[in-house]
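Source file: target-v6.cif (mmCIF, C-alpha atoms)
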data_model
#
loop_
_atom_site.group_PDB
_atom_site.id
_atom_site.type_symbol
_atom_site.label_atom_id
_atom_site.label_comp_id
_atom_site.auth_asym_id
_atom_site.auth_seq_id
_atom_site.Cartn_x
_atom_site.Cartn_y
_atom_site.Cartn_z
ATOM 1 C CA MET A 1249 3.716 40.090 19.332
ATOM 2 C CA GLY A 1250 2.057 38.318 16.434
ATOM 3 C CA GLU A 1251 5.471 37.147 15.263
ATOM 4 C CA ALA A 1252 6.308 35.759 18.707
ATOM 5 C CA ASN A 1253 3.158 33.674 18.705
ATOM 6 C CA GLN A 1254 3.962 32.405 15.219
ATOM 7 C CA SER A 1255 7.319 30.811 16.201
ATOM 8 C CA ARG A 1256 7.991 28.079 13.664
ATOM 9 C CA VAL A 1257 7.996 24.447 14.801
ATOM 10 C CA SER A 1258 11.266 22.653 13.940
ATOM 11 C CA GLU A 1259 10.118 19.174 15.013
ATOM 12 C CA PHE A 1260 6.995 17.181 15.855
ATOM 13 C CA LEU A 1261 6.144 14.649 18.545
ATOM 14 C CA LEU A 1262 4.680 11.360 17.288
ATOM 15 C CA LEU A 1263 2.480 10.269 20.199
ATOM 16 C CA GLY A 1264 2.046 6.765 18.763
ATOM 17 C CA LEU A 1265 -0.796 4.358 19.451
ATOM 18 C CA SER A 1266 -0.644 4.164 23.254
ATOM 19 C CA ARG A 1267 1.000 5.833 26.248
ATOM 20 C CA GLN A 1268 0.687 2.810 28.550
ATOM 21 C CA PRO A 1269 4.016 0.919 28.882
ATOM 22 C CA GLN A 1270 2.457 -2.560 28.751
ATOM 23 C CA GLN A 1271 0.478 -1.757 25.611
ATOM 24 C CA GLN A 1272 3.562 -0.163 24.059
ATOM 25 C CA GLN A 1273 5.537 -3.383 24.593
ATOM 26 C CA LEU A 1274 2.762 -5.446 23.019
ATOM 27 C CA LEU A 1275 2.434 -3.055 20.074
ATOM 28 C CA PHE A 1276 6.227 -3.104 19.587
ATOM 29 C CA LEU A 1277 6.221 -6.904 19.297
ATOM 30 C CA LEU A 1278 3.165 -6.818 17.012
ATOM 31 C CA PHE A 1279 4.667 -4.207 14.672
ATOM 32 C CA LEU A 1280 8.034 -5.985 14.621
ATOM 33 C CA THR A 1281 6.401 -9.346 13.798
ATOM 34 C CA MET A 1282 4.213 -7.870 11.039
ATOM 35 C CA TYR A 1283 7.108 -5.909 9.548
ATOM 36 C CA LEU A 1284 9.347 -8.993 9.395
ATOM 37 C CA ALA A 1285 6.456 -10.994 7.878
ATOM 38 C CA THR A 1286 5.884 -8.231 5.291
ATOM 39 C CA VAL A 1287 9.524 -8.052 4.234
ATOM 40 C CA LEU A 1288 10.084 -11.819 4.232
ATOM 41 C CA GLY A 1289 6.783 -12.671 2.500
ATOM 42 C CA ASN A 1290 7.174 -10.098 -0.247
ATOM 43 C CA LEU A 1291 10.866 -10.912 -0.770
ATOM 44 C CA LEU A 1292 9.952 -14.582 -1.208
ATOM 45 C CA ILE A 1293 7.378 -13.615 -3.855
ATOM 46 C CA LEU A 1294 9.973 -11.487 -5.686
ATOM 47 C CA LEU A 1295 12.494 -14.323 -5.510
ATOM 48 C CA ALA A 1296 10.016 -17.021 -6.588
ATOM 49 C CA ILE A 1297 8.815 -15.035 -9.614
ATOM 50 C CA SER A 1298 12.315 -14.054 -10.721
ATOM 51 C CA MET A 1299 13.553 -17.673 -10.527
ATOM 52 C CA ASP A 1300 10.602 -19.352 -12.314
ATOM 53 C CA SER A 1301 10.532 -18.554 -16.036
ATOM 54 C CA ARG A 1302 6.898 -19.741 -16.280
ATOM 55 C CA LEU A 1303 5.907 -16.782 -14.105
ATOM 56 C CA HIS A 1304 7.494 -14.206 -16.409
ATOM 57 C CA ILE A 1305 4.124 -12.965 -17.631
ATOM 58 C CA PRO A 1306 2.287 -9.637 -17.083
ATOM 59 C CA MET A 1307 0.219 -10.815 -14.088
ATOM 60 C CA TYR A 1308 3.340 -11.718 -12.084
ATOM 61 C CA PHE A 1309 5.291 -8.705 -13.354
ATOM 62 C CA PHE A 1310 2.652 -6.472 -11.743
ATOM 63 C CA LEU A 1311 2.642 -8.650 -8.620
ATOM 64 C CA CYS A 1312 6.428 -8.190 -8.340
ATOM 65 C CA ASN A 1313 5.960 -4.436 -8.446
ATOM 66 C CA LEU A 1314 3.193 -4.630 -5.830
ATOM 67 C CA SER A 1315 5.439 -6.708 -3.530
ATOM 68 C CA PHE A 1316 8.284 -4.210 -3.917
ATOM 69 C CA VAL A 1317 5.936 -1.293 -3.174
ATOM 70 C CA ASP A 1318 4.529 -3.074 -0.108
ATOM 71 C CA ILE A 1319 8.036 -3.577 1.329
ATOM 72 C CA CYS A 1320 8.818 0.116 0.791
ATOM 73 C CA PHE A 1321 5.384 1.157 2.092
ATOM 74 C CA SER A 1322 5.878 -0.609 5.446
ATOM 75 C CA SER A 1323 9.485 0.603 5.632
ATOM 76 C CA THR A 1324 8.409 4.269 5.624
ATOM 77 C CA THR A 1325 6.519 3.980 8.929
ATOM 78 C CA VAL A 1326 7.233 0.815 10.942
ATOM 79 C CA PRO A 1327 11.057 1.161 11.402
ATOM 80 C CA LYS A 1328 10.510 4.693 12.779
ATOM 81 C CA VAL A 1329 7.904 3.370 15.245
ATOM 82 C CA LEU A 1330 10.283 0.594 16.365
ATOM 83 C CA ALA A 1331 13.274 2.967 16.630
ATOM 84 C CA ASN A 1332 11.280 5.474 18.697
ATOM 85 C CA HIS A 1333 10.274 2.730 21.114
ATOM 86 C CA ILE A 1334 13.837 1.383 21.509
ATOM 87 C CA LEU A 1335 15.416 4.844 21.878
ATOM 88 C CA GLY A 1336 12.604 6.142 24.088
ATOM 89 C CA ARG A 1337 11.924 9.238 22.008
ATOM 90 C CA GLN A 1338 9.001 10.532 19.963
ATOM 91 C CA THR A 1339 10.474 13.372 17.925
ATOM 92 C CA ILE A 1340 10.676 13.718 14.159
ATOM 93 C CA SER A 1341 12.097 16.787 12.414
ATOM 94 C CA PHE A 1342 9.921 19.017 10.249
ATOM 95 C CA SER A 1343 11.797 17.963 7.090
ATOM 96 C CA GLY A 1344 11.724 14.316 8.236
ATOM 97 C CA CYS A 1345 7.971 14.547 8.751
ATOM 98 C CA LEU A 1346 7.400 15.935 5.258
ATOM 99 C CA THR A 1347 9.719 13.290 3.777
ATOM 100 C CA GLN A 1348 7.836 10.495 5.556
ATOM 101 C CA MET A 1349 4.495 11.912 4.404
ATOM 102 C CA TYR A 1350 5.809 12.105 0.821
ATOM 103 C CA PHE A 1351 6.867 8.456 0.683
ATOM 104 C CA VAL A 1352 3.841 7.094 2.571
ATOM 105 C CA PHE A 1353 1.390 8.639 0.141
ATOM 106 C CA MET A 1354 3.525 7.931 -2.909
ATOM 107 C CA PHE A 1355 3.368 4.226 -2.044
ATOM 108 C CA VAL A 1356 -0.374 4.498 -1.285
ATOM 109 C CA ASP A 1357 -0.838 5.946 -4.779
ATOM 110 C CA MET A 1358 1.339 3.198 -6.264
ATOM 111 C CA ASP A 1359 -0.742 0.496 -4.542
ATOM 112 C CA ASN A 1360 -3.818 2.221 -5.918
ATOM 113 C CA PHE A 1361 -2.512 2.361 -9.504
ATOM 114 C CA LEU A 1362 -1.036 -1.154 -9.480
ATOM 115 C CA LEU A 1363 -4.314 -2.668 -8.270
ATOM 116 C CA ALA A 1364 -6.077 -0.903 -11.175
ATOM 117 C CA VAL A 1365 -3.458 -2.130 -13.679
ATOM 118 C CA MET A 1366 -3.798 -5.675 -12.320
ATOM 119 C CA ALA A 1367 -7.590 -5.462 -12.681
ATOM 120 C CA TYR A 1368 -7.143 -4.432 -16.339
ATOM 121 C CA ASP A 1369 -4.766 -7.370 -16.828
ATOM 122 C CA ARG A 1370 -7.380 -9.784 -15.415
ATOM 123 C CA PHE A 1371 -10.061 -8.170 -17.638
ATOM 124 C CA VAL A 1372 -7.978 -8.792 -20.784
ATOM 125 C CA ALA A 1373 -7.124 -12.353 -19.654
ATOM 126 C CA VAL A 1374 -10.771 -13.306 -18.989
ATOM 127 C CA CYS A 1375 -12.631 -11.279 -21.607
ATOM 128 C CA HIS A 1376 -10.081 -11.390 -24.473
ATOM 129 C CA PRO A 1377 -8.004 -14.547 -23.861
ATOM 130 C CA LEU A 1378 -7.119 -15.049 -27.544
ATOM 131 C CA HIS A 1379 -5.721 -11.511 -27.807
ATOM 132 C CA TYR A 1380 -4.055 -11.456 -24.369
ATOM 133 C CA SER A 1381 -0.459 -11.796 -25.635
ATOM 134 C CA ALA A 1382 -1.025 -9.199 -28.357
ATOM 135 C CA LYS A 1383 -2.624 -6.685 -25.964
ATOM 136 C CA MET A 1384 -0.506 -7.147 -22.809
ATOM 137 C CA THR A 1385 2.915 -6.726 -24.402
ATOM 138 C CA PRO A 1386 6.058 -6.263 -22.261
ATOM 139 C CA GLN A 1387 6.319 -2.701 -23.581
ATOM 140 C CA LEU A 1388 2.781 -1.854 -22.436
ATOM 141 C CA CYS A 1389 3.403 -3.405 -19.006
ATOM 142 C CA VAL A 1390 6.545 -1.299 -18.503
ATOM 143 C CA ARG A 1391 4.721 1.842 -19.667
ATOM 144 C CA LEU A 1392 1.820 1.230 -17.280
ATOM 145 C CA VAL A 1393 4.149 0.803 -14.284
ATOM 146 C CA THR A 1394 6.419 3.706 -15.283
ATOM 147 C CA GLY A 1395 3.383 5.972 -15.811
ATOM 148 C CA SER A 1396 2.097 4.981 -12.365
ATOM 149 C CA TRP A 1397 5.398 5.965 -10.725
ATOM 150 C CA ILE A 1398 5.462 9.326 -12.532
ATOM 151 C CA ILE A 1399 1.851 10.254 -11.678
ATOM 152 C CA ALA A 1400 2.250 9.085 -8.054
ATOM 153 C CA ASN A 1401 5.364 11.221 -7.560
ATOM 154 C CA LEU A 1402 3.862 14.315 -9.199
ATOM 155 C CA ASN A 1403 0.677 13.978 -7.150
ATOM 156 C CA VAL A 1404 2.485 13.613 -3.822
ATOM 157 C CA LEU A 1405 4.976 16.365 -4.690
ATOM 158 C CA LEU A 1406 2.037 18.776 -5.098
ATOM 159 C CA HIS A 1407 0.594 17.900 -1.668
ATOM 160 C CA THR A 1408 4.029 18.017 0.006
ATOM 161 C CA LEU A 1409 4.800 21.478 -1.413
ATOM 162 C CA LEU A 1410 1.405 22.728 -0.252
ATOM 163 C CA MET A 1411 2.106 21.335 3.221
ATOM 164 C CA ALA A 1412 5.612 22.865 3.304
ATOM 165 C CA ARG A 1413 4.209 26.374 2.840
ATOM 166 C CA LEU A 1414 2.114 26.129 6.031
ATOM 167 C CA SER A 1415 3.216 27.480 9.410
ATOM 168 C CA PHE A 1416 3.104 25.374 12.563
ATOM 169 C CA CYS A 1417 3.046 27.184 15.870
ATOM 170 C CA ALA A 1418 2.985 26.135 19.534
ATOM 171 C CA ASP A 1419 1.297 22.716 19.334
ATOM 172 C CA ASN A 1420 3.555 20.101 17.705
ATOM 173 C CA ALA A 1421 2.077 16.842 19.068
ATOM 174 C CA ILE A 1422 0.760 14.472 16.366
ATOM 175 C CA PRO A 1423 -1.680 11.904 17.864
ATOM 176 C CA HIS A 1424 -0.514 9.249 15.424
ATOM 177 C CA PHE A 1425 2.402 6.881 14.731
ATOM 178 C CA PHE A 1426 3.419 8.630 11.480
ATOM 179 C CA CYS A 1427 3.048 12.003 9.764
ATOM 180 C CA ASP A 1428 -0.437 11.816 8.281
ATOM 181 C CA VAL A 1429 -2.005 14.684 6.346
ATOM 182 C CA THR A 1430 -5.117 15.215 8.492
ATOM 183 C CA PRO A 1431 -3.338 15.599 11.885
ATOM 184 C CA LEU A 1432 -0.780 17.958 10.303
ATOM 185 C CA LEU A 1433 -3.486 20.179 8.830
ATOM 186 C CA LYS A 1434 -5.173 20.346 12.244
ATOM 187 C CA LEU A 1435 -1.897 21.487 13.859
ATOM 188 C CA SER A 1436 -1.236 24.243 11.318
ATOM 189 C CA CYS A 1437 -1.840 27.860 12.328
ATOM 190 C CA SER A 1438 -2.032 28.910 8.645
ATOM 191 C CA ASP A 1439 -5.039 28.906 6.339
ATOM 192 C CA THR A 1440 -5.367 25.279 5.142
ATOM 193 C CA HIS A 1441 -8.297 25.902 2.770
ATOM 194 C CA LEU A 1442 -6.195 25.417 -0.396
ATOM 195 C CA ASN A 1443 -4.762 22.135 0.941
ATOM 196 C CA GLU A 1444 -8.234 20.831 1.757
ATOM 197 C CA VAL A 1445 -9.632 21.816 -1.646
ATOM 198 C CA VAL A 1446 -6.748 20.095 -3.481
ATOM 199 C CA ILE A 1447 -7.176 16.937 -1.349
ATOM 200 C CA LEU A 1448 -10.929 16.804 -2.033
ATOM 201 C CA THR A 1449 -10.546 17.454 -5.787
ATOM 202 C CA GLU A 1450 -7.218 16.336 -7.264
ATOM 203 C CA GLY A 1451 -6.463 13.905 -4.433
ATOM 204 C CA ALA A 1452 -9.914 12.315 -4.611
ATOM 205 C CA LEU A 1453 -9.609 12.027 -8.406
ATOM 206 C CA ILE A 1454 -6.293 10.156 -8.049
ATOM 207 C CA MET A 1455 -7.928 7.648 -5.668
ATOM 208 C CA ILE A 1456 -11.364 7.336 -7.272
ATOM 209 C CA THR A 1457 -10.313 6.967 -10.947
ATOM 210 C CA PRO A 1458 -8.373 3.685 -10.416
ATOM 211 C CA PHE A 1459 -11.147 2.425 -8.118
ATOM 212 C CA VAL A 1460 -13.758 3.055 -10.847
ATOM 213 C CA CYS A 1461 -11.492 1.276 -13.372
ATOM 214 C CA ILE A 1462 -11.301 -1.723 -11.023
ATOM 215 C CA LEU A 1463 -15.087 -1.798 -10.575
ATOM 216 C CA ALA A 1464 -15.663 -1.500 -14.336
ATOM 217 C CA SER A 1465 -13.133 -4.301 -15.009
ATOM 218 C CA TYR A 1466 -14.849 -6.644 -12.571
ATOM 219 C CA VAL A 1467 -18.338 -5.839 -13.871
ATOM 220 C CA LEU A 1468 -17.152 -6.797 -17.379
ATOM 221 C CA ILE A 1469 -15.323 -9.870 -16.025
ATOM 222 C CA THR A 1470 -18.462 -11.002 -14.174
ATOM 223 C CA CYS A 1471 -20.594 -10.580 -17.305
ATOM 224 C CA ALA A 1472 -18.082 -12.577 -19.363
ATOM 225 C CA VAL A 1473 -17.805 -15.349 -16.761
ATOM 226 C CA LEU A 1474 -21.591 -15.726 -16.442
ATOM 227 C CA ARG A 1475 -21.718 -16.459 -20.172
ATOM 228 C CA ILE A 1476 -19.441 -19.515 -19.705
ATOM 229 C CA PRO A 1477 -21.734 -22.591 -19.908
ATOM 230 C CA SER A 1478 -19.873 -24.962 -17.551
ATOM 231 C CA THR A 1479 -19.705 -24.438 -13.775
ATOM 232 C CA LYS A 1480 -16.085 -25.634 -13.763
ATOM 233 C CA GLY A 1481 -15.174 -23.038 -16.384
ATOM 234 C CA ARG A 1482 -16.842 -20.273 -14.371
ATOM 235 C CA TRP A 1483 -15.057 -21.305 -11.183
ATOM 236 C CA LYS A 1484 -11.688 -21.403 -12.959
ATOM 237 C CA ALA A 1485 -12.238 -17.911 -14.400
ATOM 238 C CA PHE A 1486 -13.313 -16.466 -11.052
ATOM 239 C CA SER A 1487 -10.442 -18.155 -9.184
ATOM 240 C CA THR A 1488 -7.870 -16.306 -11.327
ATOM 241 C CA CYS A 1489 -9.306 -13.030 -9.961
ATOM 242 C CA GLY A 1490 -9.955 -14.131 -6.371
ATOM 243 C CA SER A 1491 -6.612 -13.100 -4.877
ATOM 244 C CA HIS A 1492 -6.656 -9.692 -6.516
ATOM 245 C CA LEU A 1493 -10.259 -9.062 -5.465
ATOM 246 C CA ALA A 1494 -9.423 -9.948 -1.836
ATOM 247 C CA VAL A 1495 -6.499 -7.473 -1.802
ATOM 248 C CA VAL A 1496 -8.642 -4.758 -3.444
ATOM 249 C CA SER A 1497 -11.377 -5.222 -0.827
ATOM 250 C CA LEU A 1498 -8.882 -5.031 2.044
ATOM 251 C CA PHE A 1499 -7.054 -1.973 0.681
ATOM 252 C CA TYR A 1500 -10.031 0.154 -0.360
ATOM 253 C CA GLY A 1501 -12.164 -0.941 2.602
ATOM 254 C CA THR A 1502 -9.682 0.543 5.072
ATOM 255 C CA ILE A 1503 -8.981 3.635 2.918
ATOM 256 C CA ILE A 1504 -12.729 4.393 2.733
ATOM 257 C CA ALA A 1505 -13.046 3.855 6.494
ATOM 258 C CA VAL A 1506 -10.419 6.570 7.123
ATOM 259 C CA TYR A 1507 -11.003 9.193 4.424
ATOM 260 C CA PHE A 1508 -14.508 8.792 2.977
ATOM 261 C CA ASN A 1509 -16.762 8.833 6.042
ATOM 262 C CA PRO A 1510 -18.812 11.779 7.355
ATOM 263 C CA LEU A 1511 -16.796 13.906 9.803
ATOM 264 C CA SER A 1512 -19.400 13.284 12.510
ATOM 265 C CA SER A 1513 -18.616 9.542 12.463
ATOM 266 C CA HIS A 1514 -14.844 10.019 12.803
ATOM 267 C CA SER A 1515 -13.008 9.182 16.010
ATOM 268 C CA LEU A 1516 -9.279 9.075 16.707
ATOM 269 C CA GLU A 1517 -9.426 5.416 17.781
ATOM 270 C CA LYS A 1518 -11.352 4.195 14.701
ATOM 271 C CA ASP A 1519 -9.222 6.205 12.277
ATOM 272 C CA THR A 1520 -6.003 4.931 13.886
ATOM 273 C CA VAL A 1521 -7.130 1.293 13.677
ATOM 274 C CA ALA A 1522 -8.119 1.693 10.014
ATOM 275 C CA THR A 1523 -4.809 3.452 9.254
ATOM 276 C CA VAL A 1524 -2.849 0.609 10.877
ATOM 277 C CA MET A 1525 -4.849 -1.789 8.697
ATOM 278 C CA TYR A 1526 -3.883 -0.223 5.362
ATOM 279 C CA THR A 1527 -0.319 0.841 6.273
ATOM 280 C CA VAL A 1528 0.816 -2.238 8.237
ATOM 281 C CA VAL A 1529 -1.645 -5.144 8.080
ATOM 282 C CA THR A 1530 -2.504 -5.053 4.349
ATOM 283 C CA PRO A 1531 1.149 -5.250 3.141
ATOM 284 C CA THR A 1532 1.631 -8.155 5.581
ATOM 285 C CA LEU A 1533 -1.393 -10.094 4.331
ATOM 286 C CA ASN A 1534 -0.869 -9.541 0.589
ATOM 287 C CA PRO A 1535 1.834 -12.241 0.134
ATOM 288 C CA PHE A 1536 -0.274 -14.798 2.027
ATOM 289 C CA ILE A 1537 -3.421 -13.970 0.034
ATOM 290 C CA TYR A 1538 -1.631 -14.336 -3.307
ATOM 291 C CA SER A 1539 0.373 -17.450 -2.385
ATOM 292 C CA LEU A 1540 -2.548 -19.320 -0.781
ATOM 293 C CA ARG A 1541 -4.887 -18.793 -3.753
ATOM 294 C CA ASN A 1542 -2.415 -19.224 -6.595
ATOM 295 C CA ARG A 1543 -1.140 -22.719 -7.491
ATOM 296 C CA ASN A 1544 1.662 -21.525 -9.779
ATOM 297 C CA LEU A 1545 3.001 -19.104 -7.198
ATOM 298 C CA LYS A 1546 2.617 -21.676 -4.418
ATOM 299 C CA ARG A 1547 4.635 -24.167 -6.487
ATOM 300 C CA ALA A 1548 7.358 -21.581 -7.199
ATOM 301 C CA LEU A 1549 7.525 -20.591 -3.517
ATOM 302 C CA GLY A 1550 7.815 -24.277 -2.579
ATOM 303 C CA LYS A 1551 10.816 -24.635 -4.903
ATOM 304 C CA VAL A 1552 12.516 -21.532 -3.457
ATOM 305 C CA VAL A 1553 11.970 -22.607 0.166
ATOM 306 C CA GLY A 1554 12.978 -26.205 -0.658
ATOM 307 C CA ARG A 1555 16.148 -25.022 -2.415
ATOM 308 C CA LYS A 1556 17.089 -22.814 0.549
ATOM 309 C CA MET A 1557 16.514 -25.628 3.036
ATOM 310 C CA PHE A 1558 18.516 -28.029 0.867
ATOM 311 C CA SER A 1559 21.457 -25.604 0.602
ATOM 312 C CA VAL A 1560 21.424 -25.001 4.386
ATOM 313 C CA SER A 1561 21.416 -28.761 5.139
ATOM 314 C CA GLY A 1562 24.230 -29.261 2.617
ATOM 315 C CA GLU A 1563 26.331 -26.584 4.320
ATOM 316 C CA ASN A 1564 25.721 -28.198 7.723
ATOM 317 C CA GLN A 1565 26.850 -31.596 6.401
ATOM 318 C CA ASN A 1566 30.047 -30.079 5.051
#

Turn this file's structure into structure tokens for me.
Amino acid sequence: MGEANQSRVSEFLLLGLSRQPQQQQLLFLLFLTMYLATVLGNLLILLAISMDSRLHIPMYFFLCNLSFVDICFSSTTVPKVLANHILGRQTISFSGCLTQMYFVFMFVDMDNFLLAVMAYDRFVAVCHPLHYSAKMTPQLCVRLVTGSWIIANLNVLLHTLLMARLSFCADNAIPHFFCDVTPLLKLSCSDTHLNEVVILTEGALIMITPFVCILASYVLITCAVLRIPSTKGRWKAFSTCGSHLAVVSLFYGTIIAVYFNPLSSHSLEKDTVATVMYTVVTPTLNPFIYSLRNRNLKRALGKVVGRKMFSVSGENQN
């Protein structure tokens, strides 16, 4: 009898953000627009940086990696949401759910690590400008990014393996638009204590350590900038960090809203909105934040767009 009640779930139902047809249509258009903006915006940044030799420096190398990660990050959730809406289905297989969870949180970790690496880069640029080239060598940049990928994959592999050992019984409806950890743990009919302990210890350490590094970098940057005598010099130093600081605030603000609030203050609606912010909205806004606040990148993007428009007009004339 116990075994009958423990029948293993082979697929889950992603209930999405709304069950009302009109809202679903609106959300479909919104997700499609944001996804296209994410892919196009980040691809333009990758193209602009690769084509402008003046941008082949550590700051833009890390930005290229962030743009690539943001494209992949959105691509793990949004296409599935769009496909489900078009095909009129909500199912995702057990293995597909675990795979989606793996990639979502791997790219979350990568965003986390890259933002910390970029903060360190800004710290060296502002606090040790004369030694910047000697400290931020191409070899170090590659090692920092490669190390981030390795740690992110190992971390997420641990959580995925722990999730794979759990049993899921009768209830298979996930009140979300992707396979998130918290809803899956709530659906499990196994003991999830080990999963929760690992999330609150190792998982928290993975998120908090880069965040502390970012805070420490900006405290030191602020102290160094305040020692600059001229107001113009201070503004110039702060402006080099403005874009990064805006992205950090957006990313960690939404992460904290979802995962670091008291349980009593949690609600499905608030958590869903915050999750949409960091999985869909943040990758969409990142290219605009960086391009609007960065003259060099804006100039390079202008050249790319101008070159494309020129080539299109030339083809039309022929």

Q) Hey, what comes out of the PyMOL selection byres ((chain A and resi 1399-1409) around 10) on this file? Could you write it as a ChimeraX atom specification? A) /A:1346-1347,1349-1361,1394-1398,1410-1414,1429,1443-1444,1446-1447,1450-1451,1454

Q: Using the chain letters and numbers from the file, give me the residues hit by the PyMOL selection byres ((chain A and resi 1392) around 12), as a ChimeraX atom specification.
A: /A:1306,1309-1310,1313,1358,1361-1366,1368-1369,1384-1391,1393-1399

Would you mind exporting C-alpha atoms of the selected residues as a short mmCIF file (atom, residue, chain, number, x, y, z; two decimals), in the coordinates of the input?
data_model
loop_
_atom_site.label_atom_id
_atom_site.label_comp_id
_atom_site.auth_asym_id
_atom_site.auth_seq_id
_atom_site.Cartn_x
_atom_site.Cartn_y
_atom_site.Cartn_z
CA PRO A 1306 2.29 -9.64 -17.08
CA PHE A 1309 5.29 -8.70 -13.35
CA PHE A 1310 2.65 -6.47 -11.74
CA ASN A 1313 5.96 -4.44 -8.45
CA MET A 1358 1.34 3.20 -6.26
CA PHE A 1361 -2.51 2.36 -9.50
CA LEU A 1362 -1.04 -1.15 -9.48
CA LEU A 1363 -4.31 -2.67 -8.27
CA ALA A 1364 -6.08 -0.90 -11.18
CA VAL A 1365 -3.46 -2.13 -13.68
CA MET A 1366 -3.80 -5.68 -12.32
CA TYR A 1368 -7.14 -4.43 -16.34
CA ASP A 1369 -4.77 -7.37 -16.83
CA MET A 1384 -0.51 -7.15 -22.81
CA THR A 1385 2.92 -6.73 -24.40
CA PRO A 1386 6.06 -6.26 -22.26
CA GLN A 1387 6.32 -2.70 -23.58
CA LEU A 1388 2.78 -1.85 -22.44
CA CYS A 1389 3.40 -3.40 -19.01
CA VAL A 1390 6.54 -1.30 -18.50
CA ARG A 1391 4.72 1.84 -19.67
CA VAL A 1393 4.15 0.80 -14.28
CA THR A 1394 6.42 3.71 -15.28
CA GLY A 1395 3.38 5.97 -15.81
CA SER A 1396 2.10 4.98 -12.36
CA TRP A 1397 5.40 5.96 -10.72
CA ILE A 1398 5.46 9.33 -12.53
CA ILE A 1399 1.85 10.25 -11.68
#

Q: Grab the atom CA of Val1521 of chain A to atom CA of Leu1448 of chain A distance for me, in Å with one decimal place.
A: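 Distance reported for this atom pair: 22.4 Å.
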
(Q) Would you compute the distance between atom CA of Leu1295 of chain A and atom CA of Tyr1538 of chain A? Give it in Å to one decimal. (A)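 We find that atom CA of Leu1295 of chain A and atom CA of Tyr1538 of chain A lie 14.3 Å from each other.
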
Q: For the file shown, report as a ChimeraX atom specification the outcome of the PyMOL selection byres ((chain A and resi 1315) around 9) at residue level.
A: /A:1286-1287,1289-1291,1293-1294,1310-1314,1316-1320,1531,1534-1535

Q | Nearest to Leu1432 of chain A by atom-to-atom distance, counting all atoms listed in the file, from A:Phe1276, A:Tyr1526, A:Phe1321, A:Phe1342 | A |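 Smallest distance to Leu1432 of chain A is found for A:Phe1342.
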
**Q.** Residue nearest Val1528 of chain A - candidates A:Leu1274, A:Cys1345, A:Val1326, A:Met1307, atoms counted: only C-alpha atoms
**A.**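 That would be A:Val1326, the residue with the smallest distance to Val1528 of chain A.
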
Q | Selected residue, from A:Ala1472, A:Val1553, A:Gln1273, A:Asp1419, that lies nearest to Pro1431 of chain A when counting only C-alpha atoms | A | A:Asp1419

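In this comparison, which uses all atoms listed in the file, the residue of A:Ala1382, A:Arg1370, A:Leu1275, A:Ser1341 approaching Ala1464 of chain A most closely is A:Arg1370.
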